[in-house]
file final38.txt (compact mmCIF, C-alpha atoms)
# COMPACT_ATOMS: atom_id res chain seq x y z
CA MET N 1 -0.26 103.24 55.25
CA ASP N 2 -3.06 102.90 57.74
CA ILE N 3 -5.62 101.79 55.25
CA ALA N 4 -7.34 98.62 54.23
CA ASP N 5 -5.38 96.08 52.23
CA GLN N 6 -6.50 94.49 48.99
CA GLN N 7 -8.93 92.29 50.89
CA GLY N 8 -10.41 95.39 52.46
CA VAL N 9 -9.31 94.61 56.00
CA SER N 10 -8.15 97.75 57.73
CA ASP N 11 -5.57 98.01 60.46
CA HIS N 12 -8.31 99.10 62.85
CA GLU N 13 -10.30 95.98 62.10
CA LEU N 14 -7.26 93.80 62.68
CA VAL N 15 -6.59 95.46 66.02
CA ALA N 16 -10.22 95.00 67.06
CA ALA N 17 -10.13 91.33 66.07
CA SER N 18 -6.82 90.87 67.88
CA ALA N 19 -8.37 92.39 70.97
CA SER N 20 -10.92 89.61 71.04
CA GLY N 21 -8.19 86.98 70.77
CA ASP N 22 -8.20 86.40 67.01
CA GLY N 23 -4.69 85.09 66.44
CA GLN N 24 -5.02 85.10 62.66
CA ALA N 25 -5.92 88.77 62.67
CA PHE N 26 -2.92 89.51 64.81
CA GLU N 27 -0.71 87.54 62.43
CA GLN N 28 -1.89 89.77 59.60
CA LEU N 29 -1.23 92.85 61.69
CA TYR N 30 2.17 91.50 62.61
CA GLN N 31 2.96 90.85 58.96
CA ARG N 32 2.10 94.44 58.09
CA TYR N 33 4.16 96.00 60.82
CA GLU N 34 7.11 93.74 61.61
CA ARG N 35 9.53 95.19 59.06
CA ARG N 36 8.27 98.75 59.51
CA VAL N 37 8.69 98.60 63.26
CA TYR N 38 12.11 96.96 62.93
CA ASN N 39 13.46 99.61 60.60
CA TYR N 40 11.94 102.44 62.60
CA VAL N 41 13.57 101.02 65.73
CA ARG N 42 16.91 100.80 63.92
CA THR N 43 16.88 104.57 63.78
CA PHE N 44 17.73 104.45 67.47
CA VAL N 45 19.18 101.00 68.01
CA ARG N 46 22.18 99.94 65.97
CA ARG N 47 22.54 96.34 67.04
CA PRO N 48 20.15 94.11 65.09
CA THR N 49 19.58 91.77 68.03
CA LEU N 50 18.61 94.67 70.27
CA ALA N 51 16.34 96.02 67.56
CA GLU N 52 14.69 92.61 67.29
CA GLU N 53 14.12 92.61 71.03
CA ALA N 54 12.41 95.96 70.70
CA VAL N 55 10.24 94.57 67.89
CA ILE N 56 9.26 91.63 70.06
CA ASP N 57 8.46 93.90 73.00
CA THR N 58 6.49 96.22 70.74
CA MET N 59 4.38 93.54 69.12
CA MET N 60 3.68 91.85 72.46
CA ALA N 61 2.54 95.23 73.79
CA VAL N 62 0.30 95.58 70.74
CA TRP N 63 -1.20 92.13 71.33
CA ASN N 64 -1.72 92.72 75.03
CA GLY N 65 -2.87 96.29 74.59
CA ALA N 66 -5.16 95.83 71.61
CA ARG N 67 -8.21 95.97 73.82
CA GLY N 68 -7.07 99.30 75.19
CA PHE N 69 -6.67 100.87 71.76
CA ALA N 70 -9.45 103.41 71.53
CA GLY N 71 -9.39 103.57 67.74
CA THR N 72 -9.36 107.34 67.64
CA SER N 73 -5.85 107.55 66.20
CA ARG N 74 -4.10 105.80 63.36
CA VAL N 75 -2.98 102.30 64.18
CA SER N 76 0.43 103.12 62.74
CA THR N 77 0.81 106.10 65.05
CA TRP N 78 -0.13 103.93 68.00
CA ILE N 79 2.23 101.10 67.11
CA LEU N 80 5.14 103.35 66.22
CA GLY N 81 4.62 105.22 69.48
CA ILE N 82 5.00 101.96 71.37
CA ALA N 83 8.01 101.04 69.22
CA ARG N 84 9.67 104.37 69.96
CA HIS N 85 9.23 103.84 73.67
CA LYS N 86 10.60 100.30 73.49
CA ALA N 87 13.52 101.36 71.33
CA LEU N 88 14.52 104.17 73.68
CA ASP N 89 14.26 101.71 76.55
CA ALA N 90 16.59 99.37 74.67
CA VAL N 91 19.06 102.18 74.08
CA ARG N 92 19.03 103.07 77.73
CA ARG N 93 19.69 99.45 78.62
CA SER N 94 22.61 99.14 76.28
CA LYS N 95 25.72 101.24 76.58
CA HIS N 96 26.76 100.04 73.16
CA ASP N 97 24.02 102.01 71.44
CA ARG N 98 24.63 105.35 73.06
CA ASP N 99 26.64 106.66 70.17
CA ALA N 100 24.64 108.04 67.31
CA ALA N 101 26.95 107.02 64.52
CA PRO N 102 25.35 106.56 61.11
CA LEU N 103 24.05 103.10 60.50
CA ASP N 104 26.29 100.92 58.42
CA GLN N 105 23.83 98.89 56.46
CA ALA N 106 26.28 97.73 53.85
CA ASP N 107 26.24 94.17 55.13
CA GLU N 108 22.46 94.06 55.14
CA ILE N 109 21.77 95.08 51.57
CA ALA N 110 21.14 92.24 49.22
CA ASP N 111 23.95 91.45 46.83
CA THR N 112 22.80 92.69 43.46
CA ALA N 113 25.63 91.23 41.41
CA ALA N 114 23.50 88.43 39.99
CA ALA N 115 20.35 90.48 39.49
CA PRO N 116 19.12 91.56 36.05
CA PRO N 117 20.58 94.94 35.05
CA GLU N 118 17.34 96.82 35.57
CA LEU N 119 16.83 95.35 39.03
CA ALA N 120 20.49 95.80 39.88
CA ASN N 121 20.28 99.45 38.93
CA ARG N 122 17.14 99.91 40.98
CA ASP N 123 18.78 98.22 43.96
CA HIS N 124 21.85 100.35 43.46
CA GLN N 125 19.73 103.49 43.55
CA ALA N 126 18.01 102.24 46.70
CA LYS N 127 21.36 101.55 48.30
CA LEU N 128 22.63 105.03 47.44
CA MET N 129 19.51 106.48 49.03
CA GLN N 130 19.87 104.25 52.09
CA ASP N 131 23.49 105.30 52.46
CA ALA N 132 22.54 108.96 52.20
CA MET N 133 19.72 108.58 54.71
CA GLY N 134 22.03 106.67 57.03
CA ARG N 135 24.36 109.65 57.17
CA LEU N 136 21.69 111.92 58.60
CA SER N 137 21.26 112.49 62.30
CA PRO N 138 18.88 110.10 64.05
CA ASP N 139 16.42 112.99 64.50
CA HIS N 140 16.39 113.64 60.78
CA GLN N 141 16.25 109.96 59.87
CA GLU N 142 13.30 109.48 62.16
CA ILE N 143 11.25 112.42 61.02
CA LEU N 144 11.80 111.71 57.32
CA ARG N 145 10.67 108.12 57.81
CA LEU N 146 7.53 109.22 59.62
CA ALA N 147 6.59 111.81 57.01
CA PHE N 148 7.81 110.28 53.75
CA TYR N 149 7.25 106.57 54.42
CA GLU N 150 4.74 106.18 57.22
CA ASP N 151 2.71 109.08 55.83
CA LEU N 152 1.83 110.34 59.27
CA PRO N 153 0.09 113.71 59.57
CA TYR N 154 2.30 116.36 61.09
CA GLU N 155 0.02 116.50 64.13
CA ASP N 156 0.66 112.80 64.80
CA ILE N 157 4.40 113.25 64.40
CA ALA N 158 4.30 116.19 66.80
CA ALA N 159 2.48 114.06 69.36
CA LEU N 160 4.83 111.13 68.82
CA LEU N 161 7.98 113.23 69.26
CA SER N 162 6.49 115.60 71.83
CA ILE N 163 7.42 118.67 69.82
CA PRO N 164 5.29 121.51 68.40
CA ASP N 165 3.66 121.20 64.98
CA ASN N 166 5.79 124.02 63.67
CA THR N 167 8.98 122.28 64.74
CA VAL N 168 7.88 119.17 62.87
CA LYS N 169 7.48 121.14 59.65
CA THR N 170 10.78 122.91 60.07
CA ARG N 171 12.67 119.76 61.00
CA VAL N 172 11.29 117.86 58.02
CA TYR N 173 12.26 120.69 55.73
CA TYR N 174 15.84 120.80 56.96
CA ALA N 175 16.15 117.01 57.09
CA LYS N 176 15.12 116.97 53.44
CA GLN N 177 17.75 119.58 52.65
CA GLN N 178 20.38 117.53 54.45
CA LEU N 179 19.37 114.45 52.52
CA ARG N 180 19.68 116.32 49.23
CA HIS N 181 23.11 117.49 50.33
CA GLN N 182 24.18 113.90 51.04
CA LEU N 183 22.82 112.73 47.72
CA ALA N 184 24.66 115.50 45.93
CA LYS N 185 27.90 114.39 47.60
CA GLN N 186 27.29 110.94 46.15
CA GLY N 187 26.77 112.43 42.73
CA VAL N 188 23.04 111.82 42.76
CA GLY N 189 20.92 114.68 41.47
CA SER N 190 19.41 116.78 44.21
CA ASP N 191 16.02 116.52 42.60
CA SER N 192 15.89 112.77 42.80
CA MET D 1 18.62 120.67 68.20
CA ASN D 2 18.07 124.25 67.22
CA GLU D 3 16.11 124.06 64.01
CA SER D 4 16.75 127.69 63.20
CA ASP D 5 20.51 127.31 63.08
CA GLN D 6 20.48 125.85 59.63
CA SER D 7 20.97 127.41 56.26
CA ALA D 8 18.80 127.36 53.17
CA ALA D 9 15.54 128.46 54.72
CA PRO D 10 12.46 127.61 52.67
CA PRO D 11 11.60 130.16 49.98
CA HIS D 12 8.10 130.41 51.39
CA ASP D 13 6.64 129.12 54.61
CA GLN D 14 4.17 127.01 52.65
CA ALA D 15 7.05 124.92 51.29
CA ARG D 16 7.42 123.34 54.72
CA SER D 17 4.01 121.66 54.35
CA LEU D 18 4.49 120.14 50.92
CA ILE D 19 5.20 116.58 52.08
CA TRP D 20 1.85 116.44 53.87
CA TYR D 21 0.16 117.80 50.78
CA VAL D 22 1.79 114.98 48.83
CA ASN D 23 0.98 112.24 51.36
CA GLY D 24 -2.60 113.43 51.58
CA THR D 25 -2.78 114.23 55.27
CA LEU D 26 -2.76 118.02 55.19
CA PRO D 27 -5.91 119.39 56.87
CA ASP D 28 -8.45 120.78 54.39
CA ARG D 29 -8.01 124.42 55.33
CA GLU D 30 -4.23 124.27 54.96
CA ARG D 31 -4.54 122.27 51.75
CA LEU D 32 -6.76 124.93 50.19
CA GLU D 33 -4.43 127.70 51.26
CA LEU D 34 -1.44 125.83 49.89
CA GLU D 35 -3.17 125.19 46.57
CA GLN D 36 -3.91 128.89 46.27
CA HIS D 37 -0.27 129.66 46.93
CA LEU D 38 0.97 127.04 44.48
CA ALA D 39 -1.19 128.53 41.76
CA SER D 40 0.85 131.72 41.91
CA CYS D 41 4.31 130.53 43.05
CA GLU D 42 6.57 128.89 40.53
CA ALA D 43 9.33 128.20 43.10
CA CYS D 44 7.00 126.24 45.36
CA ARG D 45 5.55 124.34 42.38
CA ALA D 46 9.09 123.28 41.49
CA GLU D 47 9.70 122.32 45.09
CA LEU D 48 6.49 120.27 45.03
CA GLN D 49 7.72 118.28 42.05
CA SER D 50 11.04 117.76 43.77
CA VAL D 51 9.37 116.52 46.95
CA ARG D 52 7.27 114.07 44.94
CA ALA D 53 10.34 112.67 43.19
CA LEU D 54 12.32 112.49 46.40
CA ARG D 55 9.46 110.71 48.16
CA GLY D 56 9.30 108.10 45.41
CA ASP D 57 13.01 107.38 45.66
CA MET D 58 12.93 107.34 49.44
CA ARG D 59 10.03 104.92 49.55
CA ALA D 60 11.86 102.56 47.19
CA ALA D 61 14.83 102.68 49.53
CA TYR D 62 12.66 102.08 52.60
CA GLU D 63 10.95 99.15 50.87
CA ALA D 64 14.36 97.59 50.19
CA GLU D 65 15.34 97.64 53.85
CA PRO D 66 15.84 94.24 55.45
CA GLY D 67 13.46 92.91 58.06
CA PRO D 68 14.36 91.23 61.33
CA SER D 69 15.42 87.61 61.51
CA PRO D 70 12.70 84.93 61.83
CA ARG D 71 13.53 84.78 65.52
CA ALA D 72 11.40 87.85 66.23
CA ARG D 73 8.24 86.36 64.75
CA ARG D 74 8.89 82.99 66.38
CA GLU D 75 9.42 84.60 69.77
CA VAL D 76 6.27 86.71 69.57
CA PHE D 77 3.99 83.86 68.59
CA ASP D 78 5.58 81.43 71.04
CA ARG D 79 4.87 83.90 73.80
CA ILE D 80 1.31 84.38 72.65
CA ARG D 81 0.72 80.64 72.54
CA ALA D 82 2.13 80.37 76.04
CA GLU D 83 -0.17 83.14 77.22
CA GLN D 84 -3.19 81.56 75.64
CA ALA D 85 -2.31 78.27 77.30
CA GLY D 86 -2.40 80.11 80.59
CA ASP D 87 -5.57 82.02 79.78
CA PRO D 88 -7.65 80.14 77.21
CA ALA D 89 -10.66 82.24 78.18
CA ARG D 90 -9.15 85.17 76.30
CA LEU D 91 -10.17 83.56 73.05
CA ALA D 92 -13.81 83.80 74.02
CA ARG D 93 -13.76 87.24 75.57
CA PRO D 94 -15.30 90.03 73.53
CA ALA D 95 -13.39 93.19 72.78
CA ARG D 96 -13.86 95.88 75.38
CA PRO D 97 -12.70 99.47 75.27
CA GLU D 98 -11.16 99.64 78.73
CA ARG D 99 -7.62 98.58 79.47
CA THR D 100 -8.02 95.16 80.96
CA VAL D 101 -5.52 92.97 79.17
CA PRO D 102 -2.80 91.73 81.48
CA ARG D 103 0.59 90.34 80.56
CA LEU D 104 0.19 86.66 81.04
CA GLY D 105 3.67 85.22 80.52
CA LEU D 106 3.90 84.31 84.16
CA LEU D 107 0.46 82.74 84.09
CA GLY D 108 1.41 80.66 81.11
CA SER D 109 4.36 79.24 82.98
CA ILE D 110 2.39 78.58 86.13
CA GLY D 111 -0.47 77.12 84.11
CA ALA D 112 1.88 74.68 82.40
CA TRP D 113 3.38 73.78 85.74
CA LEU D 114 -0.05 73.16 87.23
CA ARG D 115 -0.86 70.72 84.45
CA THR D 116 2.13 68.46 85.11
CA PRO D 117 1.38 64.94 86.37
CA LEU D 118 3.29 65.67 89.58
CA VAL D 119 0.80 68.25 90.69
CA PRO D 120 -1.68 66.81 93.20
CA GLY D 121 -5.36 67.54 93.28
CA TRP D 122 -5.35 71.09 94.55
CA ALA D 123 -6.13 72.60 91.20
CA SER D 124 -8.97 74.65 92.59
CA ALA D 125 -6.65 76.36 95.05
CA ALA D 126 -4.19 76.94 92.24
CA ALA D 127 -6.92 78.60 90.23
CA ILE D 128 -7.47 81.07 93.04
CA VAL D 129 -3.76 81.83 93.12
CA LEU D 130 -3.78 82.33 89.39
CA ILE D 131 -6.53 84.90 89.72
CA VAL D 132 -4.60 86.72 92.45
CA VAL D 133 -1.41 86.70 90.42
CA GLN D 134 -3.27 87.82 87.34
CA ALA D 135 -4.68 90.75 89.24
CA GLY D 136 -1.19 91.66 90.38
CA VAL D 137 0.21 91.49 86.89
CA LEU D 138 -2.74 93.53 85.64
CA LEU D 139 -1.99 96.31 88.09
CA GLN D 140 1.64 96.37 86.99
CA TRP D 141 0.65 96.29 83.35
CA LYS D 142 -1.71 99.18 83.78
CA SER D 143 1.04 101.28 85.31
CA ASP D 144 3.32 100.58 82.35
CA ARG D 145 0.64 100.99 79.73
CA GLY D 146 0.37 104.77 79.88
CA ILE D 147 4.04 105.28 79.05
CA GLU D 148 3.79 103.14 75.98
CA ARG D 149 1.11 105.47 74.72
CA GLY D 150 2.96 108.58 75.68
CA ASP D 151 0.54 109.52 78.43
CA VAL D 152 1.54 111.35 81.56
CA THR D 153 1.84 108.76 84.31
CA THR D 154 2.87 108.55 87.89
CA ARG D 155 5.91 106.47 87.03
CA ALA D 156 8.25 109.19 88.23
CA ILE D 157 6.79 108.97 91.70
CA SER D 158 8.82 106.59 93.79
CA ARG D 159 6.91 103.66 95.15
CA ALA D 160 6.80 102.87 98.79
CA GLN D 161 6.70 99.13 98.12
CA THR D 162 9.74 96.89 98.31
CA ARG D 163 10.49 94.54 95.45
CA LEU D 164 12.24 91.26 95.96
CA ARG D 165 13.69 88.75 93.56
CA LEU D 166 12.75 85.25 94.64
CA VAL D 167 13.94 81.87 93.38
CA PHE D 168 11.63 79.15 94.61
CA ASN D 169 12.81 75.67 95.48
CA PRO D 170 11.76 73.41 92.57
CA GLN D 171 10.40 70.94 95.11
CA ALA D 172 8.18 73.53 96.79
CA SER D 173 4.46 72.95 96.44
CA GLU D 174 1.99 75.58 95.36
CA PRO D 175 0.41 75.86 98.85
CA GLN D 176 3.88 76.42 100.31
CA ILE D 177 4.59 79.16 97.80
CA ARG D 178 1.22 80.74 98.40
CA GLN D 179 1.75 80.65 102.15
CA LEU D 180 5.16 82.27 101.78
CA LEU D 181 3.76 85.04 99.59
CA GLN D 182 0.99 85.65 102.09
CA SER D 183 3.49 85.80 104.96
CA LEU D 184 5.44 88.43 103.08
CA ASN D 185 2.24 90.24 102.10
CA ALA D 186 3.62 90.08 98.56
CA ARG D 187 2.32 89.69 95.08
CA ILE D 188 4.18 88.45 92.02
CA VAL D 189 4.72 91.24 89.51
CA ASP D 190 7.19 89.72 87.07
CA GLY D 191 8.90 86.50 86.06
CA PRO D 192 9.97 83.92 85.62
CA THR D 193 13.28 85.34 84.43
CA ALA D 194 15.77 83.32 82.43
CA ASP D 195 17.18 81.90 85.65
CA GLY D 196 13.75 81.11 87.06
CA ALA D 197 13.38 84.04 89.43
CA TYR D 198 10.15 85.91 90.20
CA VAL D 199 9.88 89.54 91.21
CA VAL D 200 7.42 90.20 93.99
CA GLU D 201 6.20 93.47 95.41
CA LEU D 202 5.60 93.81 99.13
CA ALA D 203 2.99 96.00 100.70
CA PRO D 204 4.49 99.02 102.46
CA MET D 205 5.84 98.16 105.88
CA ASP D 206 8.31 99.56 108.36
CA PRO D 207 11.96 98.45 108.11
CA VAL D 208 11.90 96.37 111.29
CA THR D 209 8.90 94.36 110.12
CA LEU D 210 10.47 93.95 106.71
CA ALA D 211 13.73 92.68 108.21
CA GLY D 212 11.84 90.16 110.31
CA LYS D 213 9.86 88.88 107.34
CA LEU D 214 12.98 88.57 105.22
CA LYS D 215 14.75 86.66 107.96
CA SER D 216 11.86 84.21 108.18
CA ALA D 217 11.69 83.85 104.42
CA ARG D 218 15.41 83.17 104.10
CA ALA D 219 15.13 80.49 106.76
CA ASN D 220 12.46 78.72 104.74
CA ALA D 221 14.82 76.74 102.51
CA ASP D 222 12.13 74.22 101.61
CA VAL D 223 10.34 76.93 99.65
CA LEU D 224 12.96 79.50 98.76
CA GLN D 225 16.34 78.98 97.20
CA SER D 226 17.27 82.66 97.32
CA VAL D 227 15.82 86.06 98.04
CA ASP D 228 17.37 89.39 97.08
CA PHE D 229 16.21 92.93 96.65
CA ALA D 230 15.18 93.46 93.06
CA THR D 231 17.00 96.15 91.17
CA PRO D 232 14.74 98.55 89.26

call {"tool": "encode", "arguments": {"input": "final38.txt", "output": "structure tokens"}}
result
Amino acid sequence: MDIADQQGVSDHELVAASASGDGQAFEQLYQRYERRVYNYVRTFVRRPTLAEEAVIDTMMAVWNGARGFAGTSRVSTWILGIARHKALDAVRRSKHDRDAAPLDQADEIADTAAAPPELANRDHQAKLMQDAMGRLSPDHQEILRLAFYEDLPYEDIAALLSIPDNTVKTRVYYAKQQLRHQLAKQGVGSDS
Amino acid sequence: MNESDQSAAPPHDQARSLIWYVNGTLPDRERLELEQHLASCEACRAELQSVRALRGDMRAAYEAEPGPSPRARREVFDRIRAEQAGDPARLARPARPERTVPRLGLLGSIGAWLRTPLVPGWASAAAIVLIVVQAGVLLQWKSDRGIERGDVTTRAISRAQTRLRLVFNPQASEPQIRQLLQSLNARIVDGPTADGAYVVELAPMDPVTLAGKLKSARANADVLQSVDFATP
């Protein structure tokens, strides 16, 4: 997900332009990362308002730190690393987020009652998957997101989480097994 | 978490790398080794298909996740506009590899204040103060910056400096504020907070000197409304 968009503008180019004060470039970068950062942060921070604060802090750090980005790593790894730091800061600041209960996202999923059957079914499947993922431990939620959605190399994940490469591979494997177990409990095939 | 305490170990060690084979980030050497293994292992080929299907379903679920409220975007770009108002030169500065970008929220506020009609003609002096404050904020920013990137930093080492939380009298002039900061040998490192306070950092000094300076500062009601020790 750290590649050029349809217009051929890469994340690296947007960061470089942002570093020289190009507000439009930063808006594009913001657009690409806002939702990703928010949902990554929600792995650690339950309260939406706190998660939004972490997003704001993260994106301001990206804006102010763009000139310090060496460009040797993926932009996504850099931004998510900042987000992780900000999220953990937010958790430390808030006693309310110390528990690691599964996220209850039921109130945040769009109501599919009025959607066409095909879309409703697709949304239903997505909700089942979200529910299953939400029942995993935060460690497992985080590492699955980084590997299956952010497409980070295992070396980047290891650096981000400060754990050995081998632990990353093992943790992803078991997180995947846990997810299949949760899906099976919901009556969803373990191969889907 | 002990990763080895769990059941259902992978049939082959190579199965643990399948997701990175699928997302295209597996290093070439490992990719070639895995492809050789897959050619002769039916169980891992089945697992590969399963990982691909699971990834597709997971990505659909991730894509359906809600984003933050519009407040987040509004807040970020309001802050940036405020910063740029305090440092319009940033727009013209070329990108440089070193870490030289300060947090300018404080500068934005002071810059706006300096442009009010009530401010007399000491703008040049104010500009000097801005540069000093900017340097202070830069130093603070640089100390925070390494942690954001996961670097090892000296943050764990306790600082000798004292930090104070100051609320200036709204009627105080910029020269008065500058003089007070100089008398305290202090630099502004944060603020303004929601209640208008600034955090300043004092150069190291012995307790007796510090007490004397604080006593003088507290007596200067024309400039300071309150002064307290800042909590970390």

call {"tool": "closest_atom_pairs", "arguments": {"input": "final38.txt", "of": "chain N", "to": "chain D", "cutoff": "8 Å", "atoms": "all atoms listed in the file", "output": "CSV"}}
result
residue,atom,partner,partner_atom,distance
N:Ala16,CA,D:Ala95,CA,6.8
N:Ala17,CA,D:Ala95,CA,7.7
N:Ala19,CA,D:Ala95,CA,5.4
N:Ser20,CA,D:Ala95,CA,4.7
N:Gly21,CA,D:Leu91,CA,4.6
N:Asp22,CA,D:Leu91,CA,7.0
N:Glu34,CA,D:Gly67,CA,7.3
N:Arg35,CA,D:Gly67,CA,4.7
N:Arg36,CA,D:Gly67,CA,7.9
N:Tyr38,CA,D:Pro68,CA,6.4
N:Asn39,CA,D:Gly67,CA,7.2
N:Pro48,CA,D:Pro68,CA,7.5
N:Glu52,CA,D:Ala72,CA,5.9
N:Glu53,CA,D:Ala72,CA,7.3
N:Val55,CA,D:Ala72,CA,7.0
N:Ile56,CA,D:Val76,CA,5.8
N:Met59,CA,D:Val76,CA,7.1
N:Met60,CA,D:Val76,CA,6.4
N:Asn64,CA,D:Val101,CA,5.6
N:Gly65,CA,D:Val101,CA,6.2
N:Arg67,CA,D:Arg96,CA,5.9
N:Gly68,CA,D:Arg99,CA,4.4
N:Phe69,CA,D:Pro97,CA,7.1
N:Ala70,CA,D:Pro97,CA,6.3
N:Trp78,CA,D:Arg149,CA,7.0
N:Gly81,CA,D:Arg149,CA,6.3
N:Ile82,CA,D:Glu148,CA,4.9
N:His85,CA,D:Glu148,CA,6.0
N:Lys86,CA,D:Glu148,CA,7.8
N:Glu108,CA,D:Pro66,CA,6.6
N:Ile109,CA,D:Pro66,CA,7.1
N:Asp123,CA,D:Ala64,CA,7.7
N:Gln125,CA,D:Ala61,CA,7.8
N:Ala126,CA,D:Ala61,CA,4.3
N:Lys127,CA,D:Ala61,CA,6.7
N:Met129,CA,D:Ala61,CA,6.0
N:Gln130,CA,D:Ala61,CA,5.9
N:Ala147,CA,D:Ile19,CA,7.0
N:Phe148,CA,D:Arg55,CA,5.8
N:Tyr149,CA,D:Arg59,CA,5.8
N:Asp151,CA,D:Asn23,CA,5.7
N:Leu152,CA,D:Thr25,CA,7.2
N:Pro153,CA,D:Thr25,CA,5.2
N:Tyr154,CA,D:Trp20,CA,7.2
N:Leu160,CA,D:Gly150,CA,7.6
N:Thr167,CA,D:Glu3,CA,7.4
N:Lys169,CA,D:Arg16,CA,5.4
N:Thr170,CA,D:Arg16,CA,6.3
N:Arg171,CA,D:Glu3,CA,6.3
N:Val172,CA,D:Arg16,CA,7.5
N:Tyr173,CA,D:Arg16,CA,5.6
N:Tyr174,CA,D:Gln6,CA,7.4
N:Gln177,CA,D:Ala8,CA,7.9
N:Asp191,CA,D:Ser50,CA,5.3
N:Ser192,CA,D:Leu54,CA,5.1

call {"tool": "atom_distance", "arguments": {"input": "final38.txt", "atom1": "atom CA of Ile79 of chain N", "atom2": "atom CA of Val62 of chain N"}}
result
6.9 Å

call {"tool": "atom_distance", "arguments": {"input": "final38.txt", "atom1": "atom CA of Asp57 of chain N", "atom2": "atom CA of Ser137 of chain N"}}
result
25.0 Å

call {"tool": "atom_distance", "arguments": {"input": "final38.txt", "atom1": "atom CA of Arg74 of chain N", "atom2": "atom CA of Arg47 of chain N"}}
result
28.5 Å

call {"tool": "residues_around", "arguments": {"input": "final38.txt", "residues": "Ala51 of chain N", "least_positions_apart": "5", "cutoff": "8 Å", "atoms": "only C-alpha atoms", "output": "list in words"}}
result
Tyr38, Val41, Arg42, Val45, Arg46, Ala87 and Ala90 of chain N

call {"tool": "write_last_selection", "arguments": {"input": "final38.txt", "atoms": "C-alpha atoms", "output": "mmCIF file, in the coordinates of the input"}}
result
data_model
loop_
_atom_site.group_PDB
_atom_site.id
_atom_site.type_symbol
_atom_site.label_atom_id
_atom_site.label_comp_id
_atom_site.auth_asym_id
_atom_site.auth_seq_id
_atom_site.Cartn_x
_atom_site.Cartn_y
_atom_site.Cartn_z
ATOM 1 C CA TYR N 38 12.110 96.960 62.930
ATOM 2 C CA VAL N 41 13.570 101.020 65.730
ATOM 3 C CA ARG N 42 16.910 100.800 63.920
ATOM 4 C CA VAL N 45 19.180 101.000 68.010
ATOM 5 C CA ARG N 46 22.180 99.940 65.970
ATOM 6 C CA ALA N 87 13.520 101.360 71.330
ATOM 7 C CA ALA N 90 16.590 99.370 74.670
#
